[in-house]
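Structure below is target_20.pdb: PDB, C-alpha atoms, pLDDT in the B column.
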MODEL        1
ATOM      1  CA  MET A1181       6.778-113.491 -47.798  1.00 44.00           C
ATOM      2  CA  THR A1182       9.811-112.971 -45.551  1.00 45.00           C
ATOM      3  CA  GLN A1183      12.795-110.816 -46.391  1.00 48.00           C
ATOM      4  CA  GLN A1184      15.116-113.844 -46.094  1.00 52.00           C
ATOM      5  CA  VAL A1185      13.664-115.520 -49.193  1.00 88.00           C
ATOM      6  CA  ILE A1186      13.989-112.547 -51.538  1.00 97.00           C
ATOM      7  CA  LYS A1187      16.107-113.572 -54.501  1.00 98.00           C
ATOM      8  CA  GLY A1188      15.417-110.857 -57.069  1.00 98.00           C
ATOM      9  CA  MET A1189      14.924-107.117 -57.090  1.00 98.00           C
ATOM     10  CA  VAL A1190      13.645-104.903 -59.898  1.00 98.00           C
ATOM     11  CA  PHE A1191      14.180-101.156 -59.798  1.00 98.00           C
ATOM     12  CA  ASP A1192      12.499 -98.268 -61.497  1.00 98.00           C
ATOM     13  CA  LYS A1193      15.122 -95.774 -62.719  1.00 98.00           C
ATOM     14  CA  ASP A1194      14.092 -92.123 -62.405  1.00 96.00           C
ATOM     15  CA  GLY A1195      13.074 -91.284 -58.855  1.00 97.00           C
ATOM     16  CA  THR A1196      14.385 -94.611 -57.565  1.00 98.00           C
ATOM     17  CA  LEU A1197      17.980 -95.280 -58.606  1.00 98.00           C
ATOM     18  CA  PHE A1198      18.306 -91.562 -59.358  1.00 98.00           C
ATOM     19  CA  ASP A1199      16.696 -88.687 -57.432  1.00 97.00           C
ATOM     20  CA  PHE A1200      14.016 -87.327 -59.739  1.00 95.00           C
ATOM     21  CA  ASN A1201      13.834 -83.585 -59.198  1.00 94.00           C
ATOM     22  CA  ALA A1202      17.516 -83.293 -58.290  1.00 95.00           C
ATOM     23  CA  THR A1203      18.278 -84.736 -61.733  1.00 96.00           C
ATOM     24  CA  TRP A1204      15.524 -83.342 -63.927  1.00 95.00           C
ATOM     25  CA  GLY A1205      14.100 -80.286 -62.152  1.00 93.00           C
ATOM     26  CA  ALA A1206      16.435 -77.464 -63.195  1.00 89.00           C
ATOM     27  CA  TRP A1207      17.401 -79.117 -66.500  1.00 94.00           C
ATOM     28  CA  ALA A1208      13.812 -79.336 -67.740  1.00 96.00           C
ATOM     29  CA  ARG A1209      13.300 -75.569 -67.905  1.00 95.00           C
ATOM     30  CA  GLY A1210      16.062 -75.165 -70.448  1.00 95.00           C
ATOM     31  CA  MET A1211      14.781 -78.076 -72.493  1.00 95.00           C
ATOM     32  CA  LEU A1212      11.224 -76.703 -72.593  1.00 97.00           C
ATOM     33  CA  ALA A1213      12.502 -73.241 -73.464  1.00 96.00           C
ATOM     34  CA  ALA A1214      14.510 -74.704 -76.342  1.00 95.00           C
ATOM     35  CA  GLU A1215      11.471 -76.611 -77.606  1.00 95.00           C
ATOM     36  CA  THR A1216       9.395 -73.406 -77.674  1.00 96.00           C
ATOM     37  CA  ALA A1217      12.130 -71.041 -78.864  1.00 95.00           C
ATOM     38  CA  ASN A1218      10.195 -70.210 -82.027  1.00 92.00           C
ATOM     39  CA  ALA A1219       6.921 -69.792 -80.128  1.00 94.00           C
ATOM     40  CA  PRO A1220       7.781 -68.532 -76.615  1.00 95.00           C
ATOM     41  CA  ASP A1221       4.107 -68.022 -75.774  1.00 96.00           C
ATOM     42  CA  MET A1222       3.860 -71.834 -75.765  1.00 97.00           C
ATOM     43  CA  LEU A1223       6.421 -72.261 -72.958  1.00 97.00           C
ATOM     44  CA  GLU A1224       3.985 -71.782 -70.078  1.00 97.00           C
ATOM     45  CA  PRO A1225       1.157 -73.959 -71.464  1.00 98.00           C
ATOM     46  CA  LEU A1226       3.638 -76.673 -72.430  1.00 98.00           C
ATOM     47  CA  ALA A1227       5.106 -76.674 -68.930  1.00 98.00           C
ATOM     48  CA  LYS A1228       1.607 -76.837 -67.449  1.00 97.00           C
ATOM     49  CA  ALA A1229       0.664 -79.749 -69.711  1.00 97.00           C
ATOM     50  CA  LEU A1230       3.727 -81.669 -68.531  1.00 97.00           C
ATOM     51  CA  GLY A1231       3.165 -80.831 -64.856  1.00 97.00           C
ATOM     52  CA  TYR A1232       6.269 -78.672 -64.520  1.00 97.00           C
ATOM     53  CA  SER A1233       6.477 -75.530 -62.392  1.00 97.00           C
ATOM     54  CA  LEU A1234       8.526 -72.872 -64.175  1.00 96.00           C
ATOM     55  CA  ASP A1235       8.685 -70.822 -60.971  1.00 95.00           C
ATOM     56  CA  ALA A1236       9.909 -73.639 -58.737  1.00 95.00           C
ATOM     57  CA  GLY A1237      11.947 -75.460 -61.382  1.00 95.00           C
ATOM     58  CA  LEU A1238      10.389 -78.734 -60.261  1.00 95.00           C
ATOM     59  CA  PHE A1239       8.010 -81.369 -61.577  1.00 95.00           C
ATOM     60  CA  GLU A1240       4.734 -81.518 -59.695  1.00 93.00           C
ATOM     61  CA  PRO A1241       3.378 -84.749 -58.189  1.00 91.00           C
ATOM     62  CA  GLN A1242       0.703 -85.182 -60.872  1.00 90.00           C
ATOM     63  CA  SER A1243       3.151 -84.700 -63.761  1.00 95.00           C
ATOM     64  CA  ILE A1244       2.808 -87.177 -66.612  1.00 95.00           C
ATOM     65  CA  VAL A1245       6.601 -87.192 -66.765  1.00 94.00           C
ATOM     66  CA  ILE A1246       6.812 -88.930 -63.390  1.00 90.00           C
ATOM     67  CA  ALA A1247       5.394 -92.284 -64.408  1.00 86.00           C
ATOM     68  CA  GLY A1248       4.382 -92.018 -68.053  1.00 91.00           C
ATOM     69  CA  THR A1249       6.322 -93.360 -71.013  1.00 92.00           C
ATOM     70  CA  ILE A1250       8.215 -91.034 -73.340  1.00 91.00           C
ATOM     71  CA  LYS A1251       5.380 -91.568 -75.838  1.00 93.00           C
ATOM     72  CA  ASP A1252       2.855 -90.381 -73.233  1.00 94.00           C
ATOM     73  CA  VAL A1253       4.984 -87.280 -72.657  1.00 96.00           C
ATOM     74  CA  ALA A1254       5.323 -86.600 -76.383  1.00 95.00           C
ATOM     75  CA  LEU A1255       1.577 -86.879 -76.904  1.00 96.00           C
ATOM     76  CA  ALA A1256       0.966 -84.440 -74.035  1.00 97.00           C
ATOM     77  CA  ALA A1257       3.475 -81.996 -75.550  1.00 97.00           C
ATOM     78  CA  LEU A1258       2.246 -82.290 -79.136  1.00 96.00           C
ATOM     79  CA  PRO A1259      -0.552 -79.662 -78.989  1.00 96.00           C
ATOM     80  CA  TYR A1260       2.020 -77.054 -77.906  1.00 96.00           C
ATOM     81  CA  LEU A1261       4.625 -77.957 -80.535  1.00 94.00           C
ATOM     82  CA  PRO A1262       2.486 -77.580 -83.659  1.00 81.00           C
ATOM     83  CA  ASP A1263       5.355 -77.951 -86.142  1.00 83.00           C
ATOM     84  CA  SER A1264       6.249 -81.376 -84.734  1.00 90.00           C
ATOM     85  CA  GLU A1265       4.889 -84.901 -84.781  1.00 94.00           C
ATOM     86  CA  THR A1266       5.030 -87.532 -82.084  1.00 94.00           C
ATOM     87  CA  GLY A1267       7.977 -89.470 -83.496  1.00 95.00           C
ATOM     88  CA  SER A1268      10.173 -86.409 -83.851  1.00 95.00           C
ATOM     89  CA  ILE A1269       9.326 -85.210 -80.327  1.00 95.00           C
ATOM     90  CA  ILE A1270      10.257 -88.631 -78.920  1.00 94.00           C
ATOM     91  CA  ALA A1271      13.547 -88.573 -80.840  1.00 94.00           C
ATOM     92  CA  ARG A1272      14.408 -85.064 -79.616  1.00 95.00           C
ATOM     93  CA  PHE A1273      13.466 -85.798 -76.010  1.00 94.00           C
ATOM     94  CA  ASN A1274      15.455 -89.047 -76.010  1.00 92.00           C
ATOM     95  CA  ALA A1275      18.493 -87.304 -77.497  1.00 93.00           C
ATOM     96  CA  ALA A1276      18.214 -84.403 -75.048  1.00 92.00           C
ATOM     97  CA  THR A1277      18.039 -86.668 -71.999  1.00 92.00           C
ATOM     98  CA  MET A1278      20.859 -88.998 -73.022  1.00 91.00           C
ATOM     99  CA  ASP A1279      23.698 -86.968 -71.511  1.00 88.00           C
ATOM    100  CA  VAL A1280      21.937 -85.368 -68.537  1.00 92.00           C
ATOM    101  CA  PRO A1281      24.032 -85.952 -65.369  1.00 91.00           C
ATOM    102  CA  GLN A1282      22.112 -88.234 -63.036  1.00 95.00           C
ATOM    103  CA  VAL A1283      21.991 -87.580 -59.284  1.00 97.00           C
ATOM    104  CA  GLU A1284      22.237 -90.982 -57.615  1.00 98.00           C
ATOM    105  CA  ALA A1285      19.744 -91.627 -54.831  1.00 98.00           C
ATOM    106  CA  ALA A1286      22.566 -93.493 -53.090  1.00 97.00           C
ATOM    107  CA  PRO A1287      26.098 -94.280 -54.308  1.00 98.00           C
ATOM    108  CA  LEU A1288      25.074 -96.931 -56.811  1.00 98.00           C
ATOM    109  CA  VAL A1289      28.190 -99.041 -57.296  1.00 98.00           C
ATOM    110  CA  PRO A1290      28.714 -99.973 -53.622  1.00 98.00           C
ATOM    111  CA  PHE A1291      24.954-100.333 -53.145  1.00 98.00           C
ATOM    112  CA  LEU A1292      24.602-102.716 -56.085  1.00 98.00           C
ATOM    113  CA  GLU A1293      27.776-104.611 -55.153  1.00 98.00           C
ATOM    114  CA  ARG A1294      26.271-105.268 -51.741  1.00 98.00           C
ATOM    115  CA  LEU A1295      23.086-106.686 -53.238  1.00 98.00           C
ATOM    116  CA  LYS A1296      24.943-108.820 -55.761  1.00 98.00           C
ATOM    117  CA  ASN A1297      27.254-110.145 -53.047  1.00 97.00           C
ATOM    118  CA  ALA A1298      24.117-111.188 -51.175  1.00 96.00           C
ATOM    119  CA  GLY A1299      23.194-113.343 -54.179  1.00 97.00           C
ATOM    120  CA  LEU A1300      20.340-111.248 -55.590  1.00 98.00           C
ATOM    121  CA  LYS A1301      19.398-111.046 -59.249  1.00 98.00           C
ATOM    122  CA  LEU A1302      18.851-107.415 -60.212  1.00 98.00           C
ATOM    123  CA  GLY A1303      16.816-105.694 -62.903  1.00 98.00           C
ATOM    124  CA  VAL A1304      15.668-102.309 -64.147  1.00 98.00           C
ATOM    125  CA  ALA A1305      12.139-101.711 -65.435  1.00 98.00           C
ATOM    126  CA  THR A1306      11.629 -98.137 -66.588  1.00 97.00           C
ATOM    127  CA  ASN A1307       9.069 -96.226 -68.610  1.00 95.00           C
ATOM    128  CA  ASP A1308      12.003 -94.394 -70.150  1.00 93.00           C
ATOM    129  CA  ALA A1309      13.251 -95.690 -73.500  1.00 93.00           C
ATOM    130  CA  GLU A1310      15.882 -98.404 -73.164  1.00 96.00           C
ATOM    131  CA  GLU A1311      18.702 -96.553 -74.956  1.00 95.00           C
ATOM    132  CA  PRO A1312      18.851 -93.471 -72.693  1.00 95.00           C
ATOM    133  CA  ALA A1313      18.207 -95.673 -69.660  1.00 96.00           C
ATOM    134  CA  ARG A1314      21.273 -97.755 -70.486  1.00 97.00           C
ATOM    135  CA  ALA A1315      23.268 -94.581 -71.127  1.00 96.00           C
ATOM    136  CA  HIS A1316      22.417 -93.257 -67.652  1.00 97.00           C
ATOM    137  CA  LEU A1317      23.289 -96.571 -66.018  1.00 98.00           C
ATOM    138  CA  ASP A1318      26.535 -96.782 -67.996  1.00 97.00           C
ATOM    139  CA  VAL A1319      27.685 -93.366 -66.796  1.00 95.00           C
ATOM    140  CA  ALA A1320      26.992 -94.409 -63.193  1.00 96.00           C
ATOM    141  CA  GLY A1321      28.983 -97.616 -63.692  1.00 97.00           C
ATOM    142  CA  ALA A1322      25.855 -99.551 -62.778  1.00 98.00           C
ATOM    143  CA  THR A1323      25.085-101.541 -65.919  1.00 98.00           C
ATOM    144  CA  PRO A1324      27.250-104.619 -65.174  1.00 98.00           C
ATOM    145  CA  PHE A1325      25.319-105.303 -61.976  1.00 98.00           C
ATOM    146  CA  PHE A1326      21.983-105.798 -63.716  1.00 98.00           C
ATOM    147  CA  ASP A1327      20.792-109.123 -65.093  1.00 98.00           C
ATOM    148  CA  PHE A1328      17.919-107.452 -66.946  1.00 98.00           C
ATOM    149  CA  ILE A1329      17.230-103.927 -68.249  1.00 98.00           C
ATOM    150  CA  ALA A1330      14.004-102.959 -70.003  1.00 98.00           C
ATOM    151  CA  GLY A1331      12.506 -99.708 -71.199  1.00 97.00           C
ATOM    152  CA  PHE A1332       8.950 -99.163 -72.355  1.00 94.00           C
ATOM    153  CA  ASP A1333      10.170 -99.863 -75.906  1.00 95.00           C
ATOM    154  CA  SER A1334      11.979-103.144 -75.154  1.00 97.00           C
ATOM    155  CA  GLY A1335       9.056-105.305 -76.204  1.00 98.00           C
ATOM    156  CA  PHE A1336       7.417-105.928 -72.827  1.00 98.00           C
ATOM    157  CA  GLY A1337       5.245-102.820 -72.570  1.00 97.00           C
ATOM    158  CA  GLY A1338       5.402-100.201 -69.840  1.00 96.00           C
ATOM    159  CA  LYS A1339       4.192 -99.853 -66.265  1.00 97.00           C
ATOM    160  CA  PRO A1340       1.646-100.108 -64.634  1.00 97.00           C
ATOM    161  CA  ALA A1341       1.318-103.292 -66.694  1.00 98.00           C
ATOM    162  CA  ALA A1342       3.488-106.136 -65.448  1.00 98.00           C
ATOM    163  CA  GLY A1343       5.102-107.241 -68.704  1.00 98.00           C
ATOM    164  CA  GLN A1344       8.585-105.987 -67.823  1.00 98.00           C
ATOM    165  CA  LEU A1345       8.452-107.773 -64.476  1.00 98.00           C
ATOM    166  CA  HIS A1346       7.311-111.046 -66.016  1.00 98.00           C
ATOM    167  CA  ALA A1347      10.200-110.708 -68.467  1.00 98.00           C
ATOM    168  CA  PHE A1348      12.631-110.223 -65.563  1.00 98.00           C
ATOM    169  CA  CYS A1349      11.380-113.423 -63.985  1.00 98.00           C
ATOM    170  CA  GLU A1350      11.728-115.283 -67.269  1.00 98.00           C
ATOM    171  CA  ALA A1351      15.254-113.942 -67.800  1.00 98.00           C
ATOM    172  CA  THR A1352      16.410-114.873 -64.300  1.00 98.00           C
ATOM    173  CA  GLY A1353      14.411-118.046 -63.722  1.00 98.00           C
ATOM    174  CA  LEU A1354      12.876-116.620 -60.559  1.00 98.00           C
ATOM    175  CA  SER A1355       9.233-116.777 -59.536  1.00 98.00           C
ATOM    176  CA  PRO A1356       7.517-113.453 -58.709  1.00 98.00           C
ATOM    177  CA  ASP A1357       6.909-114.424 -55.081  1.00 97.00           C
ATOM    178  CA  VAL A1358      10.642-114.229 -54.344  1.00 98.00           C
ATOM    179  CA  CYS A1359      11.066-110.875 -56.092  1.00 98.00           C
ATOM    180  CA  VAL A1360      10.624-107.240 -55.121  1.00 98.00           C
ATOM    181  CA  MET A1361       9.627-104.250 -57.220  1.00 98.00           C
ATOM    182  CA  VAL A1362      11.165-100.994 -55.979  1.00 98.00           C
ATOM    183  CA  GLY A1363       9.779 -97.688 -57.234  1.00 98.00           C
ATOM    184  CA  ASP A1364       8.731 -94.132 -56.509  1.00 97.00           C
ATOM    185  CA  SER A1365       5.329 -94.053 -58.224  1.00 96.00           C
ATOM    186  CA  THR A1366       2.021 -95.859 -58.025  1.00 96.00           C
ATOM    187  CA  HIS A1367       2.688 -97.135 -61.566  1.00 96.00           C
ATOM    188  CA  ASP A1368       5.708 -99.023 -60.214  1.00 98.00           C
ATOM    189  CA  LEU A1369       3.795-100.422 -57.281  1.00 98.00           C
ATOM    190  CA  HIS A1370       0.760-101.426 -59.334  1.00 98.00           C
ATOM    191  CA  ALA A1371       3.049-103.273 -61.750  1.00 98.00           C
ATOM    192  CA  GLY A1372       4.739-105.057 -58.865  1.00 98.00           C
ATOM    193  CA  ARG A1373       1.495-106.165 -57.253  1.00 98.00           C
ATOM    194  CA  SER A1374       0.055-107.230 -60.587  1.00 98.00           C
ATOM    195  CA  ALA A1375       3.133-109.388 -61.160  1.00 98.00           C
ATOM    196  CA  GLY A1376       2.826-110.970 -57.709  1.00 98.00           C
ATOM    197  CA  MET A1377       5.948-109.313 -56.269  1.00 98.00           C
ATOM    198  CA  THR A1378       6.552-107.619 -52.942  1.00 98.00           C
ATOM    199  CA  THR A1379       6.413-103.841 -53.431  1.00 98.00           C
ATOM    200  CA  VAL A1380       8.777-101.298 -51.907  1.00 98.00           C
ATOM    201  CA  ALA A1381       8.176 -97.561 -52.312  1.00 98.00           C
ATOM    202  CA  VAL A1382      10.938 -94.966 -52.017  1.00 98.00           C
ATOM    203  CA  LEU A1383      10.588 -91.222 -51.476  1.00 97.00           C
ATOM    204  CA  THR A1384      13.244 -89.968 -53.906  1.00 97.00           C
ATOM    205  CA  GLY A1385      10.648 -89.225 -56.558  1.00 96.00           C
ATOM    206  CA  VAL A1386       7.829 -86.704 -56.315  1.00 94.00           C
ATOM    207  CA  ALA A1387       5.033 -88.778 -54.743  1.00 94.00           C
ATOM    208  CA  GLU A1388       4.667 -88.525 -50.985  1.00 95.00           C
ATOM    209  CA  HIS A1389       4.336 -91.242 -48.348  1.00 97.00           C
ATOM    210  CA  ALA A1390       0.557 -90.941 -48.088  1.00 97.00           C
ATOM    211  CA  GLU A1391       0.086 -91.565 -51.817  1.00 96.00           C
ATOM    212  CA  LEU A1392       2.443 -94.542 -51.991  1.00 97.00           C
ATOM    213  CA  ALA A1393       1.786 -96.341 -48.708  1.00 98.00           C
ATOM    214  CA  PRO A1394      -1.568 -97.957 -49.657  1.00 98.00           C
ATOM    215  CA  HIS A1395       0.114 -99.673 -52.614  1.00 98.00           C
ATOM    216  CA  ALA A1396       3.378-100.726 -50.967  1.00 98.00           C
ATOM    217  CA  ASP A1397       4.388-103.415 -48.514  1.00 98.00           C
ATOM    218  CA  VAL A1398       6.906-100.956 -47.091  1.00 98.00           C
ATOM    219  CA  VAL A1399       7.888 -97.318 -47.710  1.00 98.00           C
ATOM    220  CA  LEU A1400      11.563 -96.383 -47.339  1.00 98.00           C
ATOM    221  CA  ARG A1401      13.302 -93.030 -47.580  1.00 98.00           C
ATOM    222  CA  SER A1402      15.523 -94.213 -50.428  1.00 98.00           C
ATOM    223  CA  ILE A1403      17.242 -97.279 -51.835  1.00 98.00           C
ATOM    224  CA  ALA A1404      19.981 -96.641 -49.267  1.00 98.00           C
ATOM    225  CA  ASP A1405      17.637 -98.201 -46.689  1.00 98.00           C
ATOM    226  CA  LEU A1406      17.136-101.417 -48.655  1.00 98.00           C
ATOM    227  CA  PRO A1407      20.147-103.404 -47.372  1.00 97.00           C
ATOM    228  CA  ALA A1408      19.039-102.918 -43.777  1.00 96.00           C
ATOM    229  CA  TRP A1409      15.462-103.864 -44.656  1.00 96.00           C
ATOM    230  CA  LEU A1410      16.739-106.960 -46.432  1.00 95.00           C
ATOM    231  CA  GLY A1411      19.204-107.805 -43.663  1.00 93.00           C
ATOM    232  CA  VAL A1412      22.220-107.951 -46.003  1.00 93.00           C
TER     233      VAL A1412
ENDMDL
END

Take the structure from the file and write it as structure tokens.
Amino acid sequence: MTQQVIKGMVFDKDGTLFDFNATWGAWARGMLAAETANAPDMLEPLAKALGYSLDAGLFEPQSIVIAGTIKDVALAALPYLPDSETGSIIARFNAATMDVPQVEAAPLVPFLERLKNAGLKLGVATNDAEEPARAHLDVAGATPFFDFIAGFDSGFGGKPAAGQLHAFCEATGLSPDVCVMVGDSTHDLHAGRSAGMTTVAVLTGVAEHAELAPHADVVLRSIADLPAWLGV
């Protein structure tokens, strides 16, 4: 597949459109402390279960939060929040993340305008829930540029399965071989390859080049490098 025939591009959200630890690193400590306010001895084991370093204020590369769905995260947290159940944890986490300021990996509006002006169809496929994902995109002014937005709860499943990417192709009328999946985790890249898309890894998440490179057709520093790679 050559870059000149690319007609569609699907993006992960956290760690791809938005820098992961710059957005979520410092904020997460306060959220975890609030969750364990009535049982402060649970703060450290909860953070460990979610792959979060309280000392560094950063998510670690193996964190379930990086690529898992909000349900995965809630299930991992459940043993440390004994007065809760999965549904209530999901609701609290979704509500807490809705208004968190997002640090853009590149200025999104001009970046997306450039891709749209080049004739590309654009989508978002995230393991976040759709409602907070749309809220984050709305605040960035990015929503109008996307032809398709799906969360893990949108009816197409979550990554690394390819359901969201097949749904993007159905929504846009494009075949997978003219589409690209852009993401910061192996879940993103596995979904892209399973769907038959070209895969592009970016380094604005937590995973490093060596982990992503075997699963990607190309590894870029960030989405800011995509226009040059595409030649647009």

Using all atoms listed in the file, what does the table of region 1189-1254 of chain A residues within 6 Å of region 1385-1405 of chain A look like, with each row giving the shortest atom pair and its distance in Å to one decimal, sorted by chain and ascending number, as a Markdown table?
| residue | atom | partner | partner_atom | distance |
| --- | --- | --- | --- | --- |
| A:Gly1195 | CA | A:Gly1385 | CA | 3.9 |
| A:Phe1200 | CA | A:Gly1385 | CA | 5.0 |
| A:Pro1241 | CA | A:Val1386 | CA | 5.2 |

>> I'd like the residues picked by the PyMOL selection byres ((chain A and resi 1296) around 12) written out as an NGL selection string, using the chain letters and numbers from the file.
In response: :A and (1187-1189 or 1288-1295 or 1297-1303 or 1322 or 1324-1327 or 1407 or 1412)

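You can rank A:Gly1372, A:Gly1205, A:Gly1210, A:Pro1259 by their closest distance to Ala1229 (chain A) using all atoms listed in the file, and at the top of that list sits A:Pro1259.
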
> What does the PyMOL selection byres ((chain A and resi 1256) around 10) select in this file, as a PyMOL selection string?
Replying inline: chain A and resi 1226+1229-1230+1244-1245+1250-1255+1257-1261+1266

> Quick one: which residues end up in the PyMOL selection byres ((chain A and resi 1341-1357) around 12) for this structure, as a PyMOL selection string?
Replying inline: chain A and resi 1181-1183+1185-1192+1247-1249+1300-1307+1310+1326-1340+1358-1362+1366-1379

> So how far away is CA of Val1283 (chain A) from CA of Thr1203 (chain A), in Å?
Replying inline: 5.3 Å

> How far is it from CA of Ala1320 (chain A) to CA of Ala1276 (chain A), in Å with one decimal?
Replying inline: 17.8 Å

> CA of Leu1317 (chain A) and CA of Arg1209 (chain A), how far apart in Å?
Replying inline: 23.3 Å

Show me, as a compact mmCIF listing (two decimals) with C-alpha atoms, in the coordinates of the input, the residues that have an atom within 12 Å of Asp1235 (chain A) when counting all atoms listed in the file, minus same-chain residues fewer than 4 positions from it.
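So the final result, stored in result_39.txt, reads:
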# COMPACT_ATOMS: atom_id res chain seq x y z
CA GLY A 1205 14.10 -80.29 -62.15
CA ALA A 1206 16.43 -77.46 -63.20
CA ARG A 1209 13.30 -75.57 -67.90
CA GLU A 1224 3.98 -71.78 -70.08
CA ALA A 1227 5.11 -76.67 -68.93
CA LYS A 1228 1.61 -76.84 -67.45
CA PHE A 1239 8.01 -81.37 -61.58
CA GLU A 1240 4.73 -81.52 -59.70

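Shortest separation to Thr1196 (chain A) among A:Ile1246, A:Gly1321, A:Trp1409, A:Asp1221 occurs at residue A:Ile1246, atoms counted being only C-alpha atoms.
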
> Smallest atom-to-atom distance to Ala1315 (chain A): which of A:Leu1410, A:Ala1213, A:Ala1275, A:Ala1285, using all atoms listed in the file?
Replying inline: A:Ala1275

>> List the spatial neighbours of Met1278 (chain A) as JSON, numbers by chain - criterion: any atom at most 12 Å away, all atoms listed in the file, same-chain residues fewer than 5 positions off excluded.
In response: {"A": [1204, 1271, 1272, 1273, 1308, 1309, 1310, 1311, 1312, 1313, 1314, 1315, 1316, 1317, 1318, 1319]}

> So, counting all atoms listed in the file, which residue among A:Asp1364, A:Gly1267, A:Ala1219, A:Met1211 is closest to Val1280 (chain A)?
Replying inline: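 Using all atoms listed in the file, Val1280 (chain A) sits closest to A:Met1211.
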
> For Glu1284 (chain A), which residue out of A:Asp1263, A:Asp1199, A:Glu1215, A:Asp1194 is the nearest one, using all atoms listed in the file?
Replying inline: A:Asp1199

>> Calculated over only C-alpha atoms, which of the candidates A:Leu1212, A:Leu1197, A:Ala1286, A:Val1380 has the smallest distance to Ser1233 (chain A)?
In response: A:Leu1212
